[in-house]
Structures are given as structure tokens and as C-alpha cells.
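The structure file work-v9.pdb is reproduced below (PDB, C-alpha atoms, pLDDT in the B column).
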ATOM      1  CA  MET A 303     -40.311 -67.026 -35.319  1.00 50.00           C
ATOM      2  CA  CYS A 304     -37.726 -69.671 -34.478  1.00 61.00           C
ATOM      3  CA  GLY A 305     -36.568 -70.365 -30.966  1.00 71.00           C
ATOM      4  CA  PRO A 306     -33.136 -69.279 -29.716  1.00 73.00           C
ATOM      5  CA  LEU A 307     -31.699 -72.787 -30.209  1.00 80.00           C
ATOM      6  CA  ALA A 308     -32.914 -73.219 -33.775  1.00 80.00           C
ATOM      7  CA  VAL A 309     -29.860 -71.684 -35.450  1.00 82.00           C
ATOM      8  CA  PRO A 310     -27.223 -73.501 -33.336  1.00 84.00           C
ATOM      9  CA  LEU A 311     -29.099 -76.771 -33.790  1.00 85.00           C
ATOM     10  CA  MET A 312     -29.305 -76.217 -37.550  1.00 85.00           C
ATOM     11  CA  ILE A 313     -25.561 -75.519 -37.659  1.00 86.00           C
ATOM     12  CA  ALA A 314     -24.772 -78.604 -35.563  1.00 88.00           C
ATOM     13  CA  SER A 315     -27.051 -80.748 -37.718  1.00 88.00           C
ATOM     14  CA  THR A 316     -25.389 -79.461 -40.870  1.00 89.00           C
ATOM     15  CA  VAL A 317     -21.888 -80.078 -39.528  1.00 91.00           C
ATOM     16  CA  ILE A 318     -22.723 -83.608 -38.403  1.00 92.00           C
ATOM     17  CA  SER A 319     -24.486 -84.455 -41.657  1.00 91.00           C
ATOM     18  CA  SER A 320     -21.640 -83.030 -43.737  1.00 91.00           C
ATOM     19  CA  ALA A 321     -19.037 -84.883 -41.705  1.00 92.00           C
ATOM     20  CA  GLY A 322     -21.059 -88.088 -42.033  1.00 92.00           C
ATOM     21  CA  GLN A 323     -21.104 -87.817 -45.812  1.00 92.00           C
ATOM     22  CA  VAL A 324     -17.359 -87.170 -45.947  1.00 93.00           C
ATOM     23  CA  MET A 325     -16.684 -90.087 -43.588  1.00 94.00           C
ATOM     24  CA  ALA A 326     -18.924 -92.363 -45.656  1.00 93.00           C
ATOM     25  CA  GLY A 327     -16.964 -91.365 -48.755  1.00 93.00           C
ATOM     26  CA  ILE A 328     -13.689 -92.087 -46.970  1.00 94.00           C
ATOM     27  CA  GLY A 329     -14.981 -95.474 -45.828  1.00 94.00           C
ATOM     28  CA  GLN A 330     -16.152 -96.426 -49.320  1.00 95.00           C
ATOM     29  CA  SER A 331     -12.836 -95.243 -50.734  1.00 95.00           C
ATOM     30  CA  GLN A 332     -10.891 -97.359 -48.246  1.00 96.00           C
ATOM     31  CA  GLN A 333     -13.034-100.384 -49.025  1.00 96.00           C
ATOM     32  CA  ALA A 334     -12.473 -99.980 -52.768  1.00 96.00           C
ATOM     33  CA  ASN A 335      -8.723 -99.497 -52.238  1.00 96.00           C
ATOM     34  CA  TYR A 336      -8.624-102.683 -50.164  1.00 97.00           C
ATOM     35  CA  GLN A 337     -10.416-104.567 -52.934  1.00 97.00           C
ATOM     36  CA  ALA A 338      -7.871-103.162 -55.408  1.00 97.00           C
ATOM     37  CA  GLN A 339      -5.064-104.541 -53.236  1.00 97.00           C
ATOM     38  CA  VAL A 340      -6.762-107.941 -53.128  1.00 97.00           C
ATOM     39  CA  ASN A 341      -7.087-107.945 -56.920  1.00 97.00           C
ATOM     40  CA  ASP A 342      -3.441-106.854 -57.315  1.00 97.00           C
ATOM     41  CA  GLN A 343      -2.407-109.805 -55.142  1.00 97.00           C
ATOM     42  CA  ASN A 344      -4.633-112.155 -57.134  1.00 97.00           C
ATOM     43  CA  ALA A 345      -3.036-110.876 -60.358  1.00 97.00           C
ATOM     44  CA  LYS A 346       0.419-111.680 -58.927  1.00 97.00           C
ATOM     45  CA  LEU A 347      -0.751-115.150 -57.918  1.00 97.00           C
ATOM     46  CA  SER A 348      -2.135-115.739 -61.417  1.00 97.00           C
ATOM     47  CA  ALA A 349       1.227-114.728 -62.897  1.00 97.00           C
ATOM     48  CA  GLN A 350       2.931-117.235 -60.580  1.00 98.00           C
ATOM     49  CA  GLN A 351       0.445-119.910 -61.625  1.00 97.00           C
ATOM     50  CA  ALA A 352       1.184-119.152 -65.287  1.00 97.00           C
ATOM     51  CA  ASN A 353       4.908-119.511 -64.608  1.00 97.00           C
ATOM     52  CA  ASP A 354       4.331-122.780 -62.735  1.00 97.00           C
ATOM     53  CA  SER A 355       2.182-124.008 -65.617  1.00 97.00           C
ATOM     54  CA  ASN A 356       5.024-123.367 -68.071  1.00 97.00           C
ATOM     55  CA  GLN A 357       7.527-125.181 -65.865  1.00 98.00           C
ATOM     56  CA  ASN A 358       5.166-128.124 -65.326  1.00 97.00           C
ATOM     57  CA  THR A 359       4.502-128.356 -69.057  1.00 97.00           C
ATOM     58  CA  ASN A 360       8.229-128.490 -69.778  1.00 97.00           C
ATOM     59  CA  LEU A 361       8.746-131.172 -67.113  1.00 98.00           C
ATOM     60  CA  GLU A 362       5.861-133.234 -68.502  1.00 98.00           C
ATOM     61  CA  ALA A 363       7.303-132.976 -72.019  1.00 97.00           C
ATOM     62  CA  GLN A 364      10.735-134.052 -70.738  1.00 98.00           C
ATOM     63  CA  ARG A 365       9.163-137.081 -69.052  1.00 97.00           C
ATOM     64  CA  ARG A 366       7.427-138.002 -72.303  1.00 97.00           C
ATOM     65  CA  TYR A 367      10.689-137.636 -74.252  1.00 96.00           C
ATOM     66  CA  ARG A 368      12.386-139.969 -71.737  1.00 97.00           C
ATOM     67  CA  THR A 369       9.574-142.508 -72.014  1.00 96.00           C
ATOM     68  CA  LEU A 370       9.759-142.264 -75.799  1.00 96.00           C
ATOM     69  CA  ALA A 371      13.518-142.835 -75.738  1.00 96.00           C
ATOM     70  CA  GLN A 372      13.056-145.862 -73.474  1.00 96.00           C
ATOM     71  CA  THR A 373      10.378-147.274 -75.765  1.00 95.00           C
ATOM     72  CA  LYS A 374      12.540-146.778 -78.853  1.00 94.00           C
ATOM     73  CA  GLY A 375      15.501-148.344 -77.088  1.00 94.00           C
ATOM     74  CA  ALA A 376      13.438-151.365 -76.014  1.00 95.00           C
ATOM     75  CA  GLN A 377      12.082-151.794 -79.558  1.00 92.00           C
ATOM     76  CA  GLN A 378      15.553-151.616 -81.083  1.00 92.00           C
ATOM     77  CA  ALA A 379      16.954-154.040 -78.541  1.00 94.00           C
ATOM     78  CA  ALA A 380      14.128-156.515 -79.145  1.00 93.00           C
ATOM     79  CA  MET A 381      14.472-156.280 -82.923  1.00 92.00           C
ATOM     80  CA  ALA A 382      18.257-156.607 -82.797  1.00 92.00           C
ATOM     81  CA  ALA A 383      17.974-159.598 -80.431  1.00 93.00           C
ATOM     82  CA  ASN A 384      15.748-161.301 -82.996  1.00 92.00           C
ATOM     83  CA  GLY A 385      18.171-160.577 -85.795  1.00 91.00           C
ATOM     84  CA  VAL A 386      16.047-157.929 -87.507  1.00 90.00           C
ATOM     85  CA  ASP A 387      17.929-155.292 -89.530  1.00 90.00           C
ATOM     86  CA  LEU A 388      17.050-151.958 -87.834  1.00 89.00           C
ATOM     87  CA  ASN A 389      17.701-149.926 -90.974  1.00 89.00           C
ATOM     88  CA  PHE A 390      15.342-151.669 -93.360  1.00 88.00           C
ATOM     89  CA  GLY A 391      11.673-152.495 -93.887  1.00 91.00           C
ATOM     90  CA  SER A 392       9.243-153.002 -91.033  1.00 92.00           C
ATOM     91  CA  ALA A 393      11.850-152.172 -88.393  1.00 91.00           C
ATOM     92  CA  VAL A 394      12.231-148.666 -89.842  1.00 92.00           C
ATOM     93  CA  ASP A 395       8.445-148.286 -90.045  1.00 93.00           C
ATOM     94  CA  VAL A 396       8.004-149.278 -86.391  1.00 94.00           C
ATOM     95  CA  GLN A 397      10.688-146.822 -85.272  1.00 93.00           C
ATOM     96  CA  ARG A 398       9.230-144.019 -87.415  1.00 95.00           C
ATOM     97  CA  ASP A 399       5.712-144.682 -86.078  1.00 95.00           C
ATOM     98  CA  THR A 400       6.983-144.668 -82.500  1.00 95.00           C
ATOM     99  CA  ALA A 401       8.743-141.331 -83.081  1.00 95.00           C
ATOM    100  CA  MET A 402       5.643-139.874 -84.775  1.00 96.00           C
ATOM    101  CA  ILE A 403       3.298-140.940 -81.962  1.00 96.00           C
ATOM    102  CA  GLY A 404       5.754-139.585 -79.393  1.00 96.00           C
ATOM    103  CA  ALA A 405       5.976-136.241 -81.233  1.00 96.00           C
ATOM    104  CA  GLU A 406       2.175-136.033 -81.311  1.00 97.00           C
ATOM    105  CA  ASP A 407       2.057-136.702 -77.571  1.00 97.00           C
ATOM    106  CA  VAL A 408       4.617-133.989 -76.863  1.00 97.00           C
ATOM    107  CA  ALA A 409       2.749-131.538 -79.113  1.00 97.00           C
ATOM    108  CA  GLN A 410      -0.439-132.206 -77.144  1.00 98.00           C
ATOM    109  CA  ILE A 411       1.423-131.692 -73.876  1.00 97.00           C
ATOM    110  CA  TYR A 412       2.677-128.294 -75.069  1.00 97.00           C
ATOM    111  CA  LYS A 413      -0.723-127.341 -76.460  1.00 98.00           C
ATOM    112  CA  GLY A 414      -2.465-128.193 -73.188  1.00 97.00           C
ATOM    113  CA  GLY A 415       0.196-126.345 -71.212  1.00 97.00           C
ATOM    114  CA  ALA A 416      -0.149-123.269 -73.411  1.00 97.00           C
ATOM    115  CA  GLU A 417      -3.928-123.299 -72.919  1.00 97.00           C
ATOM    116  CA  ARG A 418      -3.561-123.573 -69.136  1.00 97.00           C
ATOM    117  CA  THR A 419      -0.968-120.800 -69.083  1.00 97.00           C
ATOM    118  CA  ARG A 420      -3.137-118.571 -71.254  1.00 97.00           C
ATOM    119  CA  GLY A 421      -6.029-119.105 -68.834  1.00 97.00           C
ATOM    120  CA  TYR A 422      -3.852-117.977 -65.921  1.00 97.00           C
ATOM    121  CA  ASP A 423      -2.626-114.984 -67.944  1.00 97.00           C
ATOM    122  CA  ILE A 424      -6.186-113.934 -68.807  1.00 97.00           C
ATOM    123  CA  GLN A 425      -7.216-114.367 -65.188  1.00 97.00           C
ATOM    124  CA  GLY A 426      -4.288-112.180 -64.114  1.00 97.00           C
ATOM    125  CA  TRP A 427      -5.187-109.476 -66.646  1.00 97.00           C
ATOM    126  CA  ASN A 428      -8.780-109.545 -65.407  1.00 97.00           C
ATOM    127  CA  TYR A 429      -7.622-109.129 -61.810  1.00 97.00           C
ATOM    128  CA  ALA A 430      -5.325-106.244 -62.793  1.00 97.00           C
ATOM    129  CA  SER A 431      -8.155-104.551 -64.691  1.00 96.00           C
ATOM    130  CA  GLN A 432     -10.493-104.966 -61.744  1.00 97.00           C
ATOM    131  CA  ALA A 433      -7.854-103.496 -59.438  1.00 97.00           C
ATOM    132  CA  ALA A 434      -7.615-100.423 -61.681  1.00 96.00           C
ATOM    133  CA  ALA A 435     -11.403-100.104 -61.672  1.00 96.00           C
ATOM    134  CA  ASP A 436     -11.446-100.426 -57.874  1.00 96.00           C
ATOM    135  CA  ARG A 437      -8.872 -97.642 -57.544  1.00 95.00           C
ATOM    136  CA  ALA A 438     -11.019 -95.415 -59.782  1.00 96.00           C
ATOM    137  CA  LYS A 439     -14.047 -96.331 -57.680  1.00 95.00           C
ATOM    138  CA  ALA A 440     -12.124 -95.358 -54.544  1.00 95.00           C
ATOM    139  CA  LYS A 441     -11.325 -91.934 -55.967  1.00 95.00           C
ATOM    140  CA  GLY A 442     -14.923 -91.458 -57.065  1.00 95.00           C
ATOM    141  CA  ALA A 443     -16.296 -92.466 -53.653  1.00 94.00           C
ATOM    142  CA  LEU A 444     -13.977 -90.060 -51.876  1.00 93.00           C
ATOM    143  CA  LEU A 445     -14.870 -87.225 -54.228  1.00 94.00           C
ATOM    144  CA  GLN A 446     -18.575 -88.025 -53.919  1.00 94.00           C
ATOM    145  CA  GLY A 447     -18.318 -87.945 -50.123  1.00 93.00           C
ATOM    146  CA  ILE A 448     -16.512 -84.621 -50.139  1.00 92.00           C
ATOM    147  CA  MET A 449     -18.869 -83.047 -52.644  1.00 93.00           C
ATOM    148  CA  GLY A 450     -21.917 -84.390 -50.784  1.00 92.00           C
ATOM    149  CA  GLY A 451     -20.547 -82.985 -47.537  1.00 91.00           C
ATOM    150  CA  LEU A 452     -19.925 -79.608 -49.149  1.00 91.00           C
ATOM    151  CA  GLY A 453     -23.399 -79.588 -50.663  1.00 92.00           C
ATOM    152  CA  THR A 454     -24.953 -80.352 -47.304  1.00 91.00           C
ATOM    153  CA  ALA A 455     -22.846 -77.644 -45.632  1.00 90.00           C
ATOM    154  CA  LEU A 456     -23.877 -75.055 -48.219  1.00 90.00           C
ATOM    155  CA  GLY A 457     -27.531 -76.076 -47.963  1.00 90.00           C
ATOM    156  CA  GLY A 458     -27.377 -75.849 -44.191  1.00 88.00           C
ATOM    157  CA  ALA A 459     -25.693 -72.446 -44.334  1.00 87.00           C
ATOM    158  CA  SER A 460     -28.435 -71.244 -46.660  1.00 87.00           C
ATOM    159  CA  GLN A 461     -31.067 -72.426 -44.188  1.00 86.00           C
ATOM    160  CA  VAL A 462     -29.284 -70.722 -41.308  1.00 82.00           C
ATOM    161  CA  VAL A 463     -29.221 -67.426 -43.248  1.00 86.00           C
ATOM    162  CA  LYS A 464     -32.932 -67.766 -43.986  1.00 84.00           C
ATOM    163  CA  MET A 465     -33.556 -68.316 -40.287  1.00 79.00           C
ATOM    164  CA  GLY A 466     -31.611 -65.156 -39.488  1.00 74.00           C
ATOM    165  CA  GLY A 467     -28.641 -66.945 -37.996  1.00 64.00           C
ATOM    166  CA  PHE A 468     -25.956 -64.674 -39.416  1.00 63.00           C
ATOM    167  CA  GLY A 469     -27.573 -61.353 -38.662  1.00 60.00           C
ATOM    168  CA  GLY A 470     -30.230 -61.668 -41.341  1.00 54.00           C
ATOM    169  CA  GLY A 471     -33.842 -62.431 -40.728  1.00 52.00           C
ATOM    170  CA  GLY A 472     -36.172 -64.747 -42.461  1.00 50.00           C
ATOM    171  CA  SER A 473     -38.825 -61.992 -42.638  1.00 47.00           C
ATOM    172  CA  SER A 474     -36.501 -59.280 -43.938  1.00 44.00           C
ATOM    173  CA  ALA A 475     -35.574 -61.058 -47.180  1.00 45.00           C
ATOM    174  CA  GLY A 476     -35.576 -58.616 -50.061  1.00 45.00           C
ATOM    175  CA  THR A 477     -35.669 -55.496 -47.862  1.00 46.00           C
ATOM    176  CA  GLY A 478     -31.962 -54.799 -47.904  1.00 46.00           C
ATOM    177  CA  ASN A 479     -31.592 -55.532 -44.192  1.00 48.00           C
ATOM    178  CA  ASN A 480     -29.675 -58.821 -44.631  1.00 48.00           C
ATOM    179  CA  HIS A 481     -26.286 -57.473 -43.659  1.00 48.00           C
ATOM    180  CA  TRP A 482     -24.178 -59.577 -41.380  1.00 45.00           C
ATOM    181  CA  SER A 483     -23.809 -57.788 -38.085  1.00 49.00           C
ATOM    182  CA  GLY A 484     -21.084 -59.981 -36.669  1.00 47.00           C
ATOM    183  CA  PRO A 485     -21.039 -61.914 -33.397  1.00 48.00           C
TER     184      PRO A 485
END
Using the file provided, produce a representation of the structure as C-alpha cells.
Amino acid sequence: MCGPLAVPLMIASTVISSAGQVMAGIGQSQQANYQAQVNDQNAKLSAQQANDSNQNTNLEAQRRYRTLAQTKGAQQAAMAANGVDLNFGSAVDVQRDTAMIGAEDVAQIYKGGAERTRGYDIQGWNYASQAAADRAKAKGALLQGIMGGLGTALGGASQVVKMGGFGGGGSSAGTGNNHWSGP
């Protein structure tokens, strides 16, 4: 037969164990929610980086257009100073080649900028997806803690009943004498 403290100790053990599982679930949930907040912030920062990348690309293209205009102006001035007709022959070819090379440079600037921006966008989407997964993990951890705590409480209550803690007796199982007699 169990000692007089067995039932209260079993109840206390069950309560503490159940509470521990619930608290662990709460802690894991809070940790996952924090990580979701970090990933949300990182997604915002990636969006800002993508915006900055677009602005920097446009500024770089503008600088290249200015340099191209200066180069074309210097070529035209040099040709005109040497008496070359700007609208005929080699002078036209030089100006056309300069414009073509400049357009290729600008196209490369925009292509590189688009690739950088896309990288920041993808990074931001990945952070946002991870934040959503972290929030789901937080809910799952909380639910797991609660369900684990309930399972432990029910298991402990079952053990207490078997020990005769609620008016029943471990030796009277199946005899019809397991009625709760109250406090």
C-alpha cells in the first residue's frame, strides 16, 4: 500500500510536470515569434535595398549618359575644328559608333542593376516566407506544450485514481467500489 503522502506527491509532480510542458511550449512559441519578427525586419530591409539598387542604377545610367554626351561633344568639336564635315563619311561613323557603345554601356548598367534588385527582392521574399514559417512554428510549439501538459495531467490523474487518491483504491479495481467519496 502507498504511504499517506504518495497521492499528494503524485498530484504535485503531475501539476509541476504539466506546467513545465506548457511553459516550455510558451517559451518555444515566443522564440519562434521573435525569429519571425527578425525575418519580417530583414524582409523590409531587403525591400529598401532593392529600392536603393533601382535608384543607384538610374543614377549610374545618368552619369554614363552625361559622359557619353561629353564624349560626343568633344568629338564633334575636334572634328569641326579640323574642318571635317560632321554629317558625312567617317565623322558620321565615329559619332554612330560612340552612340552605339554608349547605348551598350547603359544597357549593361540597367541589366546589372536589374539583377542586383532581383537578388534583393528574392532575399526579401525568402525572409517573408521564413517569417510565416516561424509564426506557424510558434503556434505549433504552443499547441504542443498545451497538449503535452494536458496529456501529463491526464496521465497523472489516472495514476492518482489507481493509487486510490480520489476515493478509489488500487486493489478494488473492477469490484465496483471505485466511487468517489468526496473530500
Write out as a ChimeraX atom specification each polymer residue whose atoms come within 6 Å of stretch 314-329 of chain A, counting only C-alpha atoms; drop sequence neighbours fewer than 6 positions from it. /A:443-444,447-448,451,454-455,458
Hey, which of A:Gln351, A:Ala308, A:Ile313, A:Ala382 ends up closest to A:Leu456? Count all atoms listed in the file. A:Ile313
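The closest residue to A:Arg365, picked from A:Ala380, A:Val408, A:Ile424, A:Ala349 and counting all atoms listed in the file, is A:Val408.
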If I take atom CA of A:Thr419 and atom CA of A:Gln357, how far is one from the other in Å, to one decimal? 10.1 Å
Given only C-alpha atoms as the counted atoms, nearest of A:Ala459, A:Ala409, A:Val396, A:Ala435 to A:Gly375: A:Val396
